[in-house]
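Listing of final-v7.pdb, PDB, C-alpha atoms, pLDDT in the B column
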```pdb
MODEL        1
ATOM      1  CA  MET A   1       3.132 -31.354 -22.648  1.00 45.00           C
ATOM      2  CA  HIS A   2      -0.031 -32.067 -24.544  1.00 49.00           C
ATOM      3  CA  LYS A   3      -2.076 -29.892 -22.257  1.00 49.00           C
ATOM      4  CA  VAL A   4      -0.476 -26.974 -24.007  1.00 45.00           C
ATOM      5  CA  ILE A   5      -2.626 -28.019 -26.903  1.00 45.00           C
ATOM      6  CA  LEU A   6      -5.674 -27.540 -24.771  1.00 44.00           C
ATOM      7  CA  ILE A   7      -4.758 -23.971 -24.123  1.00 46.00           C
ATOM      8  CA  ALA A   8      -4.509 -23.216 -27.781  1.00 43.00           C
ATOM      9  CA  THR A   9      -7.872 -24.784 -28.406  1.00 42.00           C
ATOM     10  CA  VAL A  10      -9.496 -22.578 -25.826  1.00 43.00           C
ATOM     11  CA  ALA A  11      -8.028 -19.522 -27.492  1.00 43.00           C
ATOM     12  CA  ALA A  12      -9.334 -20.538 -30.880  1.00 42.00           C
ATOM     13  CA  LEU A  13     -12.877 -20.298 -29.605  1.00 39.00           C
ATOM     14  CA  ALA A  14     -12.240 -16.793 -28.329  1.00 43.00           C
ATOM     15  CA  GLY A  15     -12.823 -15.500 -31.813  1.00 44.00           C
ATOM     16  CA  CYS A  16     -16.408 -16.720 -31.853  1.00 42.00           C
ATOM     17  CA  SER A  17     -17.633 -13.548 -30.145  1.00 42.00           C
ATOM     18  CA  GLN A  18     -16.274 -11.246 -32.852  1.00 45.00           C
ATOM     19  CA  GLU A  19     -18.674  -9.483 -35.218  1.00 46.00           C
ATOM     20  CA  LYS A  20     -18.980 -10.916 -38.689  1.00 49.00           C
ATOM     21  CA  ALA A  21     -17.629  -8.862 -41.565  1.00 49.00           C
ATOM     22  CA  PRO A  22     -20.012  -7.803 -44.340  1.00 51.00           C
ATOM     23  CA  PRO A  23     -20.104 -10.102 -47.375  1.00 53.00           C
ATOM     24  CA  PRO A  24     -17.264  -9.477 -49.842  1.00 51.00           C
ATOM     25  CA  ALA A  25     -17.881  -7.382 -52.934  1.00 51.00           C
ATOM     26  CA  ALA A  26     -17.943  -9.186 -56.279  1.00 47.00           C
ATOM     27  CA  THR A  27     -14.426  -7.879 -57.003  1.00 45.00           C
ATOM     28  CA  ASP A  28     -13.121  -9.672 -53.917  1.00 44.00           C
ATOM     29  CA  ASN A  29     -14.009 -13.163 -55.208  1.00 44.00           C
ATOM     30  CA  VAL A  30     -10.622 -13.763 -56.838  1.00 42.00           C
ATOM     31  CA  ALA A  31      -8.699 -12.924 -53.666  1.00 40.00           C
ATOM     32  CA  ALA A  32     -11.092 -14.971 -51.557  1.00 38.00           C
ATOM     33  CA  ALA A  33     -10.655 -18.001 -53.789  1.00 40.00           C
ATOM     34  CA  GLU A  34      -6.867 -17.813 -53.339  1.00 42.00           C
ATOM     35  CA  ALA A  35      -6.971 -17.420 -49.532  1.00 37.00           C
ATOM     36  CA  PRO A  36      -6.396 -20.520 -47.361  1.00 40.00           C
ATOM     37  CA  ALA A  37      -9.516 -22.113 -45.873  1.00 43.00           C
ATOM     38  CA  VAL A  38     -10.329 -21.119 -42.298  1.00 44.00           C
ATOM     39  CA  THR A  39     -13.042 -22.679 -40.165  1.00 49.00           C
ATOM     40  CA  PRO A  40     -15.737 -20.002 -39.688  1.00 53.00           C
ATOM     41  CA  GLY A  41     -16.155 -18.769 -36.113  1.00 61.00           C
ATOM     42  CA  VAL A  42     -12.834 -20.146 -34.870  1.00 69.00           C
ATOM     43  CA  MET A  43     -10.135 -17.624 -34.143  1.00 69.00           C
ATOM     44  CA  SER A  44      -6.490 -18.286 -34.706  1.00 79.00           C
ATOM     45  CA  LEU A  45      -4.447 -18.994 -31.624  1.00 91.00           C
ATOM     46  CA  ASN A  46      -1.488 -17.211 -33.149  1.00 91.00           C
ATOM     47  CA  GLU A  47       0.002 -14.631 -30.790  1.00 94.00           C
ATOM     48  CA  THR A  48      -1.732 -15.966 -27.676  1.00 96.00           C
ATOM     49  CA  THR A  49      -0.341 -17.175 -24.343  1.00 97.00           C
ATOM     50  CA  TRP A  50      -1.877 -19.666 -21.894  1.00 97.00           C
ATOM     51  CA  THR A  51      -1.152 -21.155 -18.489  1.00 98.00           C
ATOM     52  CA  PHE A  52      -2.196 -24.515 -17.096  1.00 97.00           C
ATOM     53  CA  THR A  53      -0.966 -27.205 -14.698  1.00 96.00           C
ATOM     54  CA  GLU A  54       0.402 -30.516 -15.960  1.00 92.00           C
ATOM     55  CA  ASP A  55       1.842 -33.217 -13.703  1.00 91.00           C
ATOM     56  CA  GLY A  56       1.963 -30.706 -10.844  1.00 94.00           C
ATOM     57  CA  LYS A  57       3.944 -28.137 -12.892  1.00 96.00           C
ATOM     58  CA  LYS A  58       2.611 -24.728 -13.837  1.00 97.00           C
ATOM     59  CA  ILE A  59       3.149 -24.422 -17.599  1.00 97.00           C
ATOM     60  CA  GLN A  60       3.139 -21.288 -19.725  1.00 97.00           C
ATOM     61  CA  GLU A  61       2.668 -21.749 -23.464  1.00 97.00           C
ATOM     62  CA  SER A  62       2.924 -19.091 -26.158  1.00 97.00           C
ATOM     63  CA  ILE A  63       2.062 -19.421 -29.834  1.00 96.00           C
ATOM     64  CA  ASP A  64       3.710 -16.969 -32.241  1.00 96.00           C
ATOM     65  CA  ALA A  65       2.327 -15.385 -35.425  1.00 94.00           C
ATOM     66  CA  ASN A  66       3.585 -18.303 -37.531  1.00 94.00           C
ATOM     67  CA  GLY A  67       1.985 -21.050 -35.393  1.00 94.00           C
ATOM     68  CA  ASN A  68       5.150 -22.064 -33.525  1.00 95.00           C
ATOM     69  CA  TYR A  69       4.627 -22.781 -29.836  1.00 96.00           C
ATOM     70  CA  VAL A  70       6.955 -22.991 -26.867  1.00 96.00           C
ATOM     71  CA  ALA A  71       5.932 -24.330 -23.441  1.00 96.00           C
ATOM     72  CA  SER A  72       7.974 -23.748 -20.307  1.00 95.00           C
ATOM     73  CA  SER A  73       7.757 -24.157 -16.557  1.00 96.00           C
ATOM     74  CA  GLY A  74       9.800 -21.366 -15.021  1.00 94.00           C
ATOM     75  CA  SER A  75      13.194 -21.566 -16.724  1.00 93.00           C
ATOM     76  CA  GLU A  76      12.651 -25.216 -17.794  1.00 94.00           C
ATOM     77  CA  HIS A  77      11.857 -25.809 -21.487  1.00 94.00           C
ATOM     78  CA  VAL A  78       8.969 -28.297 -21.553  1.00 95.00           C
ATOM     79  CA  ASP A  79       7.939 -28.558 -25.211  1.00 96.00           C
ATOM     80  CA  HIS A  80       7.919 -26.813 -28.578  1.00 96.00           C
ATOM     81  CA  GLY A  81       6.396 -27.455 -31.981  1.00 97.00           C
ATOM     82  CA  THR A  82       3.669 -26.184 -34.283  1.00 97.00           C
ATOM     83  CA  TYR A  83      -0.020 -25.378 -33.961  1.00 95.00           C
ATOM     84  CA  ALA A  84      -2.725 -25.559 -36.647  1.00 95.00           C
ATOM     85  CA  SER A  85      -6.479 -25.125 -36.604  1.00 92.00           C
ATOM     86  CA  VAL A  86      -8.045 -28.312 -38.016  1.00 93.00           C
ATOM     87  CA  ASP A  87     -11.806 -28.802 -38.276  1.00 91.00           C
ATOM     88  CA  GLY A  88     -12.435 -26.232 -35.540  1.00 90.00           C
ATOM     89  CA  LYS A  89      -9.940 -27.781 -33.122  1.00 94.00           C
ATOM     90  CA  ALA A  90      -6.472 -26.670 -32.076  1.00 95.00           C
ATOM     91  CA  CYS A  91      -3.945 -29.308 -33.079  1.00 96.00           C
ATOM     92  CA  PHE A  92      -0.407 -29.290 -31.735  1.00 97.00           C
ATOM     93  CA  THR A  93       2.481 -31.283 -33.115  1.00 98.00           C
ATOM     94  CA  SER A  94       5.473 -31.496 -30.791  1.00 97.00           C
ATOM     95  CA  ALA A  95       8.973 -31.327 -32.263  1.00 97.00           C
ATOM     96  CA  MET A  96      10.193 -33.242 -29.200  1.00 97.00           C
ATOM     97  CA  ASN A  97       8.423 -36.550 -29.904  1.00 96.00           C
ATOM     98  CA  LYS A  98       6.927 -38.580 -32.751  1.00 95.00           C
ATOM     99  CA  ASP A  99       3.399 -38.812 -31.332  1.00 95.00           C
ATOM    100  CA  GLY A 100       1.861 -36.726 -34.130  1.00 95.00           C
ATOM    101  CA  PRO A 101      -0.753 -34.008 -33.655  1.00 97.00           C
ATOM    102  CA  GLU A 102      -2.832 -33.789 -30.511  1.00 96.00           C
ATOM    103  CA  CYS A 103      -6.092 -31.882 -30.969  1.00 97.00           C
ATOM    104  CA  TRP A 104      -8.182 -30.028 -28.405  1.00 95.00           C
ATOM    105  CA  THR A 105     -11.578 -28.364 -28.345  1.00 93.00           C
ATOM    106  CA  VAL A 106     -11.640 -24.589 -28.593  1.00 89.00           C
ATOM    107  CA  VAL A 107     -13.731 -22.447 -26.238  1.00 81.00           C
ATOM    108  CA  ASP A 108     -14.243 -18.671 -26.444  1.00 81.00           C
ATOM    109  CA  THR A 109     -11.785 -17.306 -23.849  1.00 88.00           C
ATOM    110  CA  ALA A 110     -10.861 -13.703 -23.089  1.00 93.00           C
ATOM    111  CA  ILE A 111      -7.583 -12.675 -21.471  1.00 96.00           C
ATOM    112  CA  GLY A 112      -7.861 -13.454 -17.746  1.00 97.00           C
ATOM    113  CA  GLU A 113     -10.527 -16.149 -18.139  1.00 95.00           C
ATOM    114  CA  THR A 114     -10.117 -19.827 -17.277  1.00 96.00           C
ATOM    115  CA  LYS A 115     -11.934 -22.487 -19.296  1.00 94.00           C
ATOM    116  CA  GLU A 116     -11.842 -26.256 -19.728  1.00 95.00           C
ATOM    117  CA  THR A 117     -10.710 -27.867 -22.961  1.00 93.00           C
ATOM    118  CA  VAL A 118     -10.890 -31.530 -23.956  1.00 95.00           C
ATOM    119  CA  SER A 119      -8.490 -33.535 -26.118  1.00 96.00           C
ATOM    120  CA  ASP A 120      -9.519 -36.027 -28.777  1.00 96.00           C
ATOM    121  CA  LYS A 121      -8.469 -38.674 -26.222  1.00 95.00           C
ATOM    122  CA  GLY A 122     -10.913 -37.298 -23.620  1.00 96.00           C
ATOM    123  CA  GLU A 123      -8.290 -35.639 -21.411  1.00 95.00           C
ATOM    124  CA  LYS A 124      -9.613 -32.467 -19.709  1.00 95.00           C
ATOM    125  CA  VAL A 125      -7.488 -29.478 -18.736  1.00 95.00           C
ATOM    126  CA  LYS A 126      -8.328 -26.061 -17.311  1.00 96.00           C
ATOM    127  CA  VAL A 127      -6.430 -23.321 -19.130  1.00 96.00           C
ATOM    128  CA  THR A 128      -6.125 -19.605 -18.454  1.00 97.00           C
ATOM    129  CA  ARG A 129      -5.517 -17.124 -21.229  1.00 97.00           C
ATOM    130  CA  ILE A 130      -3.050 -14.384 -20.296  1.00 98.00           C
ATOM    131  CA  ALA A 131      -1.623 -11.400 -22.171  1.00 97.00           C
ATOM    132  CA  TYR A 132       0.570 -12.495 -25.072  1.00 97.00           C
ATOM    133  CA  VAL A 133       4.205 -13.175 -24.238  1.00 95.00           C
ATOM    134  CA  ALA A 134       6.413 -13.448 -27.319  1.00 93.00           C
ATOM    135  CA  VAL A 135       7.835 -16.896 -28.053  1.00 80.00           C
ATOM    136  CA  PRO A 136      11.516 -16.928 -27.103  1.00 73.00           C
ATOM    137  CA  PRO A 137      13.919 -17.746 -29.947  1.00 73.00           C
ATOM    138  CA  MET A 138      14.991 -21.383 -30.095  1.00 68.00           C
ATOM    139  CA  LYS A 139      18.706 -21.930 -29.458  1.00 62.00           C
TER
ENDMDL
END
```
Show this structure as structure tokens.
Amino acid sequence: MHKVILIATVAALAGCSQEKAPPPAATDNVAAAEAPAVTPGVMSLNETTWTFTEDGKKIQESIDANGNYVASSGSEHVDHGTYASVDGKACFTSAMNKDGPECWTVVDTAIGETKETVSDKGEKVKVTRIAYVAVPPMK
């Protein structure tokens, strides 16, 4: 279940290849001061989907626009919870256990690419980014 976190981390690094925007005009300072802090160079994993193998099961995990994730293996629901970018890492908090957040490194990953991500506990997982598949509604 926690390997889903790895996938999100890989996606977060995908934003590193994007061009930087020009510096904001002086009139933009008020809006910028009110915006939430985002780690520079790390893209959001919102609206991304990943696949990976965990305990011999092929898992597909999608993260919606609000940071909610759902992981499944075929028709089996494996995990769900929330994602947040924290200090340049993708951190996942499962709603199915009380383990707290599990954070993974983020690597620049385009759709169709496979990369390795590493958890704060040293666990390594290869994840593949695929085209976004909307998170199914929770029942």
The PyMOL selection byres ((chain A and resi 103) around 7) on the file shown: which residues, as number ranges by chain? A: 5, 89-92, 101-102, 104, 119-120
Pick out the residues sitting within 10 Å of region 128-135 of chain A, and hand them over as an MDAnalysis selection string; count all atoms listed in the file, and ignore anything fewer than 3 positions along from it in its own chain. chainID A and resid 7:8 10:11 14 46:53 60:65 68:71 80 109:116 125 138
Provide an axis-aligned box for all listed atoms of region 109-118 of chain A, padding each side by 4 Å; report its centre and its edge lengths in Å to one decimal, as JSON.
```
{"center_x": -9.8, "center_y": -22.1, "center_z": -20.6, "size_x": 12.4, "size_y": 26.9, "size_z": 14.7}
```
Do you have the CA of Gly81 (chain A)-CA of Ala95 (chain A) distance handy? 4.7 Å
Please measure the separation of CA of Ser75 (chain A) and CA of Lys57 (chain A), giving the value in Å to one decimal.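 Atom-to-atom, CA of Ser75 (chain A) and CA of Lys57 (chain A) are spaced 12.0 Å apart.
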Could you expand the PyMOL selection byres ((chain A and resi 73) around 6) into the explicit residues it covers here, written as number ranges by chain? A: 58-59, 72, 74, 76
Would you be able to write out as a list in words which residues have an atom within 6 Å of (-14.6, -26.0, -23.6) in the file's coordinates, counting only C-alpha atoms?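 The residues that fall inside the cut-off are Val106, Val107, Glu116 and Thr117 of chain A.
Distances to Tyr83 (chain A) were evaluated for A:Leu45, A:Thr105, A:Met96, A:Lys124 using all atoms listed in the file, and the minimum falls at A:Leu45.
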Can you tell me how far CA of Thr93 (chain A) sits from CA of Asp79 (chain A), in Å to one decimal? 10.0 Å
